[in-house]
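Trainee: Dropping in target-v1.csv, with CSV, C-alpha atoms.
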chain,number,residue,atom,x,y,z
A,778,MET,CA,-29.9,3.7,-50.3
A,779,PRO,CA,-26.2,3.0,-50.9
A,780,PRO,CA,-24.9,3.7,-54.4
A,781,SER,CA,-24.6,0.7,-56.8
A,782,ARG,CA,-21.2,-1.0,-56.9
A,783,VAL,CA,-19.0,-0.3,-59.9
A,784,THR,CA,-18.5,-3.5,-62.0
A,785,GLN,CA,-16.0,-4.7,-64.5
A,786,ALA,CA,-18.7,-4.1,-67.2
A,787,ASP,CA,-18.8,-0.4,-66.2
A,788,VAL,CA,-15.0,-0.2,-66.5
A,789,ALA,CA,-15.1,-2.0,-69.9
A,790,ARG,CA,-17.8,0.3,-71.2
A,791,LEU,CA,-15.9,3.5,-70.2
A,792,ALA,CA,-12.6,2.2,-71.6
A,793,GLY,CA,-14.2,1.0,-74.8
A,794,VAL,CA,-12.9,-2.6,-74.4
A,795,SER,CA,-14.3,-6.0,-73.6
A,796,GLN,CA,-14.7,-7.4,-70.0
A,797,ALA,CA,-12.1,-10.0,-71.0
A,798,THR,CA,-9.6,-7.2,-71.6
A,799,VAL,CA,-10.3,-5.6,-68.3
A,800,SER,CA,-9.8,-9.0,-66.6
A,801,LEU,CA,-6.4,-9.5,-68.3
A,802,VAL,CA,-5.2,-6.1,-67.0
A,803,LEU,CA,-6.5,-6.8,-63.5
A,804,ASN,CA,-4.9,-10.3,-63.4
A,805,GLY,CA,-1.4,-9.0,-64.3
A,806,GLU,CA,-1.5,-10.2,-67.9
A,807,ALA,CA,-1.4,-6.8,-69.5
A,808,GLU,CA,1.3,-8.0,-71.9
A,809,ARG,CA,-1.5,-9.7,-73.8
A,810,VAL,CA,-3.0,-6.3,-74.6
A,811,GLY,CA,-1.5,-3.1,-76.1
A,812,ALA,CA,0.0,-0.4,-74.0
A,813,GLY,CA,-2.6,2.1,-75.1
A,814,THR,CA,-5.5,-0.3,-74.3
A,815,ARG,CA,-4.0,-1.0,-70.9
A,816,GLN,CA,-3.7,2.7,-70.1
A,817,ARG,CA,-7.4,3.2,-71.1
A,818,VAL,CA,-8.4,0.5,-68.7
A,819,LEU,CA,-6.3,1.9,-65.9
A,820,ASP,CA,-7.8,5.4,-66.5
A,821,ALA,CA,-11.3,4.0,-66.4
A,822,ILE,CA,-10.6,2.1,-63.1
A,823,SER,CA,-9.2,5.3,-61.6
A,824,ARG,CA,-12.2,7.4,-62.7
A,825,THR,CA,-14.9,4.9,-61.6
A,826,GLY,CA,-13.1,3.9,-58.3
A,827,TYR,CA,-13.5,0.3,-59.3
A,828,SER,CA,-12.2,-2.2,-56.7
A,829,ALA,CA,-11.7,-5.8,-57.8
A,830,ASN,CA,-13.1,-8.6,-55.6
A,831,PRO,CA,-9.9,-10.5,-54.8
A,832,VAL,CA,-11.8,-13.6,-53.6
A,833,ALA,CA,-13.7,-13.8,-56.8
A,834,GLN,CA,-10.5,-13.4,-58.8
A,835,ARG,CA,-8.7,-16.1,-56.9
A,836,LEU,CA,-11.6,-18.5,-57.0
A,837,ALA,CA,-11.6,-18.1,-60.8
A,838,ARG,CA,-8.0,-19.4,-60.7
A,839,GLY,CA,-9.0,-22.4,-58.5
A,840,ARG,CA,-7.6,-21.0,-55.2
A,841,ASN,CA,-8.6,-18.2,-52.9
A,842,GLY,CA,-5.1,-17.0,-51.8
A,843,ILE,CA,-5.9,-17.5,-48.1
A,844,VAL,CA,-3.7,-19.7,-46.0
A,845,GLY,CA,-4.7,-20.8,-42.5
A,846,VAL,CA,-2.8,-20.7,-39.2
A,847,PHE,CA,-3.9,-23.2,-36.5
A,848,ALA,CA,-2.2,-23.4,-33.1
A,849,TYR,CA,-3.0,-26.1,-30.5
A,850,GLU,CA,-2.5,-23.6,-27.8
A,851,PRO,CA,-3.4,-19.9,-27.5
A,852,VAL,CA,-0.8,-17.9,-29.4
A,853,PHE,CA,-1.3,-14.4,-27.9
A,854,PRO,CA,0.8,-13.7,-24.8
A,855,ARG,CA,-1.0,-13.5,-21.4
A,856,GLY,CA,2.2,-13.0,-19.3
A,857,GLY,CA,5.8,-12.1,-19.7
A,858,GLY,CA,6.7,-14.9,-22.2
A,859,ASP,CA,5.7,-14.9,-25.9
A,860,PHE,CA,6.8,-18.2,-27.4
A,861,TYR,CA,4.7,-17.9,-30.6
A,862,HIS,CA,5.3,-14.3,-31.6
A,863,PRO,CA,8.5,-14.9,-33.6
A,864,PHE,CA,6.8,-17.8,-35.5
A,865,LEU,CA,3.8,-15.6,-36.4
A,866,VAL,CA,6.2,-12.8,-37.5
A,867,GLY,CA,7.9,-15.1,-39.9
A,868,ILE,CA,4.6,-16.5,-41.2
A,869,GLU,CA,3.3,-13.0,-41.8
A,870,THR,CA,6.5,-11.9,-43.6
A,871,ALA,CA,6.4,-14.8,-46.0
A,872,ALA,CA,2.6,-14.3,-46.6
A,873,GLU,CA,3.2,-10.7,-47.5
A,874,ARG,CA,6.0,-11.7,-49.9
A,875,CYS,CA,3.8,-14.2,-51.8
A,876,GLY,CA,0.7,-12.1,-51.7
A,877,SER,CA,-1.4,-14.4,-49.5
A,878,ASP,CA,-3.8,-13.5,-46.7
A,879,LEU,CA,-3.7,-15.2,-43.3
A,880,LEU,CA,-6.7,-16.7,-41.5
A,881,LEU,CA,-6.1,-17.6,-37.8
A,882,PHE,CA,-8.4,-20.3,-36.6
A,883,THR,CA,-9.6,-19.6,-33.0
A,884,SER,CA,-13.1,-21.2,-32.8
A,885,ALA,CA,-11.9,-24.5,-31.3
A,886,PRO,CA,-12.4,-24.4,-27.6
A,887,VAL,CA,-9.2,-25.0,-25.5
A,888,GLU,CA,-9.6,-28.1,-23.4
A,889,GLY,CA,-6.9,-29.1,-21.0
A,890,GLY,CA,-4.6,-26.5,-22.5
A,891,ARG,CA,-5.1,-27.9,-26.1
A,892,ARG,CA,-7.3,-27.2,-29.1
A,893,ARG,CA,-8.7,-30.1,-31.1
A,894,LEU,CA,-8.4,-30.1,-34.8
A,895,SER,CA,-11.5,-32.1,-35.5
A,896,GLY,CA,-15.2,-31.8,-36.2
A,897,GLN,CA,-16.4,-28.3,-37.3
A,898,VAL,CA,-12.9,-26.8,-36.9
A,899,ARG,CA,-11.4,-29.3,-39.3
A,900,SER,CA,-14.1,-28.5,-41.9
A,901,HIS,CA,-13.3,-24.8,-41.5
A,902,LEU,CA,-9.8,-25.5,-42.8
A,903,ARG,CA,-11.3,-26.0,-46.2
A,904,VAL,CA,-11.9,-22.2,-46.4
A,905,THR,CA,-8.2,-21.9,-47.0
A,906,ASP,CA,-5.8,-23.3,-49.7
A,907,GLY,CA,-3.7,-24.9,-46.9
A,908,CYS,CA,-2.7,-24.4,-43.3
A,909,VAL,CA,0.4,-23.9,-41.1
A,910,LEU,CA,0.1,-25.8,-37.9
A,911,LEU,CA,2.0,-25.2,-34.7
A,912,GLY,CA,1.9,-26.1,-31.1
A,913,ARG,CA,3.3,-28.5,-28.5
A,914,ALA,CA,0.2,-30.6,-27.8
A,915,GLU,CA,-0.7,-31.9,-31.2
A,916,ASP,CA,-2.9,-34.9,-31.7
A,917,LYS,CA,-1.0,-37.1,-34.2
A,918,ALA,CA,-4.1,-39.1,-35.2
A,919,GLU,CA,-5.6,-35.8,-36.4
A,920,LEU,CA,-2.5,-35.1,-38.4
A,921,VAL,CA,-2.7,-38.5,-40.1
A,922,GLU,CA,-6.3,-37.9,-41.0
A,923,LEU,CA,-5.4,-34.5,-42.6
A,924,ILE,CA,-2.7,-36.2,-44.7
A,925,ASN,CA,-5.2,-39.0,-45.7
A,926,ASP,CA,-7.6,-36.2,-46.7
A,927,GLY,CA,-5.0,-34.7,-49.0
A,928,PHE,CA,-5.3,-31.3,-47.4
A,929,PRO,CA,-2.0,-29.3,-47.7
A,930,PHE,CA,-0.5,-28.3,-44.4
A,931,VAL,CA,3.0,-27.8,-42.9
A,932,PHE,CA,3.9,-28.3,-39.2
A,933,VAL,CA,6.3,-25.9,-37.4
A,934,GLY,CA,8.6,-28.3,-35.7
A,935,ARG,CA,9.9,-31.8,-36.5
A,936,ARG,CA,7.2,-34.4,-36.1
A,937,GLU,CA,7.1,-38.2,-36.6
A,938,LEU,CA,3.8,-39.9,-37.2
A,939,PRO,CA,2.6,-43.5,-36.7
A,940,GLY,CA,2.8,-45.7,-39.7
A,941,ASN,CA,5.6,-43.5,-41.2
A,942,ALA,CA,3.0,-41.1,-42.6
A,943,GLU,CA,4.7,-38.3,-44.6
A,944,LEU,CA,4.3,-35.1,-42.7
A,945,PRO,CA,5.8,-31.9,-44.2
A,946,TYR,CA,7.5,-29.8,-41.5
A,947,VAL,CA,10.1,-27.1,-40.8
A,948,GLY,CA,12.0,-27.5,-37.6
A,949,ALA,CA,15.1,-26.6,-35.8
A,950,ASP,CA,18.3,-28.8,-35.8
A,951,TYR,CA,18.3,-29.5,-32.1
A,952,VAL,CA,20.6,-32.5,-32.5
A,953,GLY,CA,23.3,-30.5,-34.1
A,954,ALA,CA,22.9,-27.5,-31.8
A,955,THR,CA,22.9,-29.5,-28.6
A,956,ARG,CA,26.0,-31.4,-29.8
A,957,GLU,CA,27.7,-28.1,-30.4
A,958,VAL,CA,26.9,-26.8,-27.0
A,959,VAL,CA,28.2,-29.9,-25.3
A,960,GLU,CA,31.3,-29.8,-27.4
A,961,LEU,CA,31.7,-26.2,-26.1
A,962,LEU,CA,31.7,-27.4,-22.5
A,963,LEU,CA,34.1,-30.3,-23.4
A,964,GLY,CA,36.4,-27.7,-24.9
A,965,LEU,CA,36.5,-25.9,-21.6
A,966,GLY,CA,37.7,-29.0,-19.9
A,967,HIS,CA,34.5,-30.5,-18.6
A,968,GLU,CA,34.3,-34.3,-18.6
A,969,ARG,CA,31.4,-34.9,-16.3
A,970,ILE,CA,28.4,-33.2,-18.0
A,971,GLY,CA,24.8,-34.1,-17.2
A,972,PHE,CA,21.6,-33.7,-19.2
A,973,VAL,CA,18.4,-32.5,-17.5
A,974,GLY,CA,15.1,-32.7,-19.5
A,975,GLU,CA,11.7,-34.3,-19.4
A,976,THR,CA,11.6,-37.9,-20.5
A,977,SER,CA,8.8,-37.8,-23.0
A,978,GLY,CA,8.0,-38.6,-26.6
A,979,ARG,CA,8.3,-35.0,-27.8
A,980,GLU,CA,10.6,-34.9,-30.7
A,981,SER,CA,12.2,-31.6,-29.6
A,982,LEU,CA,13.3,-33.2,-26.3
A,983,LEU,CA,14.4,-36.5,-28.0
A,984,ASP,CA,16.5,-34.6,-30.4
A,985,ARG,CA,18.2,-32.6,-27.7
A,986,LEU,CA,19.0,-35.8,-25.8
A,987,ALA,CA,20.3,-37.5,-28.9
A,988,GLY,CA,22.6,-34.6,-29.6
A,989,TYR,CA,23.9,-34.7,-26.0
A,990,ARG,CA,24.5,-38.4,-26.1
A,991,ALA,CA,26.3,-38.2,-29.5
A,992,ALA,CA,28.7,-35.5,-28.2
A,993,MET,CA,29.5,-37.4,-25.0
A,994,ARG,CA,30.0,-40.7,-26.7
A,995,ALA,CA,32.2,-39.2,-29.4
A,996,ALA,CA,34.4,-37.9,-26.6
A,997,GLY,CA,34.6,-41.3,-25.0
A,998,LEU,CA,32.5,-40.2,-22.0
A,999,ARG,CA,29.4,-41.7,-20.3
A,1000,PRO,CA,26.1,-39.8,-20.7
A,1001,THR,CA,24.3,-39.0,-17.5
A,1002,SER,CA,20.7,-37.8,-17.8
A,1003,PHE,CA,17.9,-36.9,-15.4
A,1004,ASP,CA,14.2,-36.5,-15.9
A,1005,SER,CA,13.3,-32.9,-14.9
A,1006,ALA,CA,9.6,-33.7,-14.5
A,1007,GLU,CA,10.4,-35.7,-11.4
A,1008,LEU,CA,12.9,-33.2,-9.8
A,1009,THR,CA,13.0,-29.9,-8.1
A,1010,ALA,CA,15.8,-27.5,-8.7
A,1011,ASP,CA,17.4,-28.4,-5.4
A,1012,GLU,CA,17.3,-32.1,-6.3
A,1013,ILE,CA,18.9,-31.4,-9.6
A,1014,VAL,CA,21.8,-29.7,-7.9
A,1015,ASP,CA,22.0,-32.5,-5.3
A,1016,LEU,CA,22.2,-35.1,-8.2
A,1017,ALA,CA,24.9,-33.0,-9.9
A,1018,ALA,CA,27.0,-33.0,-6.7
A,1019,ASP,CA,26.4,-36.7,-6.0
A,1020,ASN,CA,27.6,-37.6,-9.5
A,1021,HIS,CA,30.5,-35.1,-9.3
A,1022,LEU,CA,29.2,-33.2,-12.4
A,1023,THR,CA,30.9,-30.0,-13.3
A,1024,GLY,CA,28.5,-29.1,-16.1
A,1025,LEU,CA,24.7,-29.3,-16.8
A,1026,VAL,CA,22.8,-28.8,-20.0
A,1027,LEU,CA,19.1,-28.0,-19.5
A,1028,ALA,CA,16.6,-28.9,-22.1
A,1029,GLU,CA,14.0,-26.5,-20.5
A,1030,SER,CA,15.3,-23.0,-20.3
A,1031,GLN,CA,12.9,-22.0,-17.6
A,1032,LEU,CA,14.8,-24.2,-15.1
A,1033,ALA,CA,18.0,-22.2,-15.5
A,1034,GLY,CA,17.4,-19.5,-12.9
A,1035,ALA,CA,16.1,-21.9,-10.3
A,1036,VAL,CA,19.0,-24.3,-10.7
A,1037,ARG,CA,21.5,-21.5,-10.5
A,1038,ASP,CA,19.8,-20.2,-7.3
A,1039,ALA,CA,19.8,-23.7,-5.8
A,1040,ALA,CA,23.5,-24.1,-6.6
A,1041,ALA,CA,24.2,-20.7,-4.9
A,1042,ALA,CA,22.3,-21.9,-1.8
A,1043,ARG,CA,24.7,-24.9,-1.6
A,1044,GLY,CA,27.6,-22.6,-1.9
A,1045,LEU,CA,28.3,-23.4,-5.5
A,1046,ASP,CA,29.3,-20.7,-7.9
A,1047,VAL,CA,28.0,-20.6,-11.5
A,1048,PRO,CA,30.1,-21.1,-13.6
A,1049,GLY,CA,33.1,-21.4,-11.2
A,1050,ASP,CA,31.9,-24.7,-9.6
A,1051,LEU,CA,29.1,-25.7,-11.9
A,1052,SER,CA,28.7,-24.6,-15.5
A,1053,ILE,CA,25.1,-24.4,-16.9
A,1054,ALA,CA,24.0,-24.3,-20.6
A,1055,VAL,CA,20.5,-23.8,-21.8
A,1056,LEU,CA,19.3,-25.8,-24.9
A,1057,GLY,CA,17.1,-23.1,-26.5
A,1058,GLN,CA,17.2,-19.7,-25.0
A,1059,PRO,CA,14.0,-17.6,-24.8
A,1060,GLU,CA,13.9,-14.3,-26.5
A,1061,VAL,CA,13.8,-12.6,-23.1
A,1062,PRO,CA,16.2,-13.3,-20.1
A,1063,VAL,CA,15.3,-16.3,-18.0
A,1064,ALA,CA,13.0,-15.1,-15.2
A,1065,ASP,CA,14.2,-11.6,-15.9
A,1066,ASP,CA,17.7,-12.7,-15.0
A,1067,PRO,CA,20.3,-10.5,-16.7
A,1068,LEU,CA,22.9,-13.3,-16.8
A,1069,ALA,CA,23.9,-14.1,-20.3
A,1070,TRP,CA,23.3,-17.9,-20.5
A,1071,THR,CA,25.4,-20.2,-22.7
A,1072,GLY,CA,23.3,-22.1,-25.1
A,1073,PHE,CA,21.5,-21.7,-28.4
A,1074,ARG,CA,18.8,-19.6,-29.9
A,1075,ILE,CA,16.0,-21.2,-31.9
A,1076,PRO,CA,15.4,-19.6,-35.3
A,1077,ARG,CA,11.6,-19.2,-34.6
A,1078,GLU,CA,11.0,-16.4,-37.1
A,1079,ARG,CA,12.8,-18.2,-39.9
A,1080,MET,CA,10.9,-21.4,-39.1
A,1081,GLY,CA,7.6,-19.6,-39.5
A,1082,GLU,CA,8.8,-18.0,-42.7
A,1083,GLU,CA,10.1,-21.3,-44.2
A,1084,ALA,CA,6.9,-23.1,-43.1
A,1085,LEU,CA,4.8,-20.7,-45.1
A,1086,ASN,CA,7.1,-21.0,-48.1
A,1087,LEU,CA,6.9,-24.8,-48.0
A,1088,LEU,CA,3.1,-24.6,-47.8
A,1089,VAL,CA,3.0,-22.3,-50.8
A,1090,GLU,CA,5.1,-24.9,-52.7
A,1091,LEU,CA,2.7,-27.7,-51.7
A,1092,ILE,CA,-0.3,-25.6,-52.8
A,1093,GLY,CA,1.1,-24.4,-56.1
A,1094,SER,CA,2.5,-27.6,-57.5
A,1095,ASP,CA,1.2,-31.0,-58.5
A,1096,THR,CA,4.5,-32.6,-57.5
A,1097,ARG,CA,5.9,-33.0,-54.1
A,1098,PRO,CA,8.7,-30.5,-53.1
A,1099,ALA,CA,12.1,-31.9,-53.1
A,1100,GLU,CA,12.5,-31.2,-49.4
A,1101,MET,CA,9.4,-32.0,-47.3
A,1102,HIS,CA,11.5,-32.0,-44.1
A,1103,ARG,CA,13.5,-28.9,-43.4
A,1104,LEU,CA,15.7,-28.4,-40.3
A,1105,LEU,CA,17.2,-25.0,-39.7
A,1106,PRO,CA,20.5,-24.4,-37.8
A,1107,CYS,CA,20.3,-22.8,-34.3
A,1108,ARG,CA,22.8,-20.1,-33.3
A,1109,VAL,CA,25.0,-21.2,-30.4
A,1110,GLU,CA,26.1,-18.4,-28.0
A,1111,ARG,CA,28.8,-18.6,-25.4
A,1112,GLY,CA,27.5,-16.7,-22.4
A,1113,GLU,CA,28.7,-16.2,-18.8
A,1114,SER,CA,27.1,-19.4,-17.2
What does this structure look like when you write it as structure tokens?
Mentor:
Amino acid sequence: MPPSRVTQADVARLAGVSQATVSLVLNGEAERVGAGTRQRVLDAISRTGYSANPVAQRLARGRNGIVGVFAYEPVFPRGGGDFYHPFLVGIETAAERCGSDLLLFTSAPVEGGRRRLSGQVRSHLRVTDGCVLLGRAEDKAELVELINDGFPFVFVGRRELPGNAELPYVGADYVGATREVVELLLGLGHERIGFVGETSGRESLLDRLAGYRAAMRAAGLRPTSFDSAELTADEIVDLAADNHLTGLVLAESQLAGAVRDAAAARGLDVPGDLSIAVLGQPEVPVADDPLAWTGFRIPRERMGEEALNLLVELIGSDTRPAEMHRLLPCRVERGES
């Protein structure tokens, strides 16, 4: 039969104090008791091997100190790429700093490459004080429902919701970063620069396109954009040649290697005949290509960290934080492409 668990009452009895005094010491309010009393309590804890129940302590203060992490797609890598890892590193770093525990929600089945934040899974969120959400395939109706429920959460990535619902998020400044990349190409003498990216409602793609158009129009030049969802790499290079483009900015970094190879097959040198910039470099070389691509790096780790920080602000205050929408700058890098 296992030995009985040591309780606060046992510690109080050994130290010759009340349970309330033991609780003050455990909750970091030792300044309300004398130094000698505090030491007696600490000695009693050491002698008995008492271990406080952190969940009980937190619940007594109205919270449990657990924050959730929910991703619409699986977050653990199954191949060479690892898109989510930096986000999770940042979330963990901030959670350690503020003394919170993390709970990763994985019970929702993946259907069509996406998890649903509804039904039983949504009720599970209530185990936590709040949740960080991330993913590319979110259901915006589900997010509106969470807001209407008053459940604290922060999305990693800029998101706009129907009906102008106020969604807290931490994202990357794709507009500013893309504009800076295009200005870099303009500074090198390019005047005919094309944008290649999927035409979709995703905010990250819309922001990149907006930054591209702003830079081209500010330079008095005509924007030229192509929907990559409808095109092969060879067709992209054909369109670049047909439109006499000397530069391309690619919204999807995974296209870079294929487009460069397609250009080489046509006898075009990169960057001699066609300069290519990538709007958001991965943390590993594109398709294991050692070429240093011109473009920008997304501050994924910082985004995760700031998302957790914003969530803690939402949980710990009765008033809304001053900045519910936070965009972080990307680092532009001039490479060899």
Trainee: Which polymer residues have any atom within 8 Å of an atom of region 782-797 of chain A, counting all atoms listed in the file, with same-chain residues fewer than 2 positions away left out, as a list in words?
Mentor: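 Near neighbours after the sequence-gap exclusion: Pro780, Val799, Ser800, Leu801, Thr814, Arg817, Val818, Asp820, Ala821, Ile822, Thr825, Gly826, Tyr827 and Ser828 of chain A.
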Trainee: Please compute the CA of Ser900 (chain A)-CA of Ile843 (chain A) distance, one decimal, in Å.
Mentor: 15.1 Å
Trainee: List as a VMD selection string the residues having at least one atom at most 8 Å from position (23.0, -23.0, -11.6) as given in the file, counting all atoms listed in the file.
Mentor: chain A and resid 1014 1033 to 1041 1046 to 1048 1051 to 1053 1114
Trainee: Could those residues be written to a file, using C-alpha atoms, as a PDB file, keeping the file's coordinate frame?
Mentor:
ATOM      1  CA  VAL A1014      21.800 -29.700  -7.900  1.00  0.00           C
ATOM      2  CA  ALA A1033      18.000 -22.200 -15.500  1.00  0.00           C
ATOM      3  CA  GLY A1034      17.400 -19.500 -12.900  1.00  0.00           C
ATOM      4  CA  ALA A1035      16.100 -21.900 -10.300  1.00  0.00           C
ATOM      5  CA  VAL A1036      19.000 -24.300 -10.700  1.00  0.00           C
ATOM      6  CA  ARG A1037      21.500 -21.500 -10.500  1.00  0.00           C
ATOM      7  CA  ASP A1038      19.800 -20.200  -7.300  1.00  0.00           C
ATOM      8  CA  ALA A1039      19.800 -23.700  -5.800  1.00  0.00           C
ATOM      9  CA  ALA A1040      23.500 -24.100  -6.600  1.00  0.00           C
ATOM     10  CA  ALA A1041      24.200 -20.700  -4.900  1.00  0.00           C
ATOM     11  CA  ASP A1046      29.300 -20.700  -7.900  1.00  0.00           C
ATOM     12  CA  VAL A1047      28.000 -20.600 -11.500  1.00  0.00           C
ATOM     13  CA  PRO A1048      30.100 -21.100 -13.600  1.00  0.00           C
ATOM     14  CA  LEU A1051      29.100 -25.700 -11.900  1.00  0.00           C
ATOM     15  CA  SER A1052      28.700 -24.600 -15.500  1.00  0.00           C
ATOM     16  CA  ILE A1053      25.100 -24.400 -16.900  1.00  0.00           C
ATOM     17  CA  SER A1114      27.100 -19.400 -17.200  1.00  0.00           C
TER      18      SER A1114
END
Trainee: Between A:Leu881, A:Glu1110, A:Phe930, A:Val810, which has the minimum distance to Glu1090 (chain A) (counting only C-alpha atoms)?
Mentor: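 Smallest separation from Glu1090 (chain A) among the options: A:Phe930.
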Trainee: Between A:Asn1086, A:Ser981, A:Thr1071, A:Asn841, which has the minimum distance to Gly948 (chain A) (counting only C-alpha atoms)?
Mentor: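 Closest to Gly948 (chain A) of all the choices is A:Ser981.
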Trainee: Nearest to Trp1070 (chain A): which of A:Leu998, A:Leu1008, A:Ala871, A:Val958 is it, counting only C-alpha atoms?
Mentor: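 The closest residue to Trp1070 (chain A) is A:Val958.
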Trainee: Using all atoms listed in the file, determine which residues lie at most 7 Å from Leu879 (chain A), disregarding the query and same-chain residues fewer than 5 positions distant; provide the list as a list in words.
Mentor: Ile843, Val844, Gly845 and Val846 of chain A
Trainee: Which one of A:Val933, A:Thr1023, A:Asp984, A:Ser1002 sits closest to Pro863 (chain A) if you count only C-alpha atoms?
Mentor: A:Val933
Trainee: Name all residues at most 9 Å from Phe1003 (chain A) (count all atoms listed in the file; drop same-chain ones fewer than 3 positions away) and give them as an mmCIF file with C-alpha atoms, in the coordinates of the input.
Mentor:
data_model
loop_
_atom_site.group_PDB
_atom_site.id
_atom_site.type_symbol
_atom_site.label_atom_id
_atom_site.label_comp_id
_atom_site.auth_asym_id
_atom_site.auth_seq_id
_atom_site.Cartn_x
_atom_site.Cartn_y
_atom_site.Cartn_z
ATOM 1 C CA GLY A 971 24.800 -34.100 -17.200
ATOM 2 C CA PHE A 972 21.600 -33.700 -19.200
ATOM 3 C CA VAL A 973 18.400 -32.500 -17.500
ATOM 4 C CA GLY A 974 15.100 -32.700 -19.500
ATOM 5 C CA GLU A 975 11.700 -34.300 -19.400
ATOM 6 C CA THR A 976 11.600 -37.900 -20.500
ATOM 7 C CA ALA A 1006 9.600 -33.700 -14.500
ATOM 8 C CA GLU A 1007 10.400 -35.700 -11.400
ATOM 9 C CA LEU A 1008 12.900 -33.200 -9.800
ATOM 10 C CA ILE A 1013 18.900 -31.400 -9.600
ATOM 11 C CA LEU A 1016 22.200 -35.100 -8.200
#
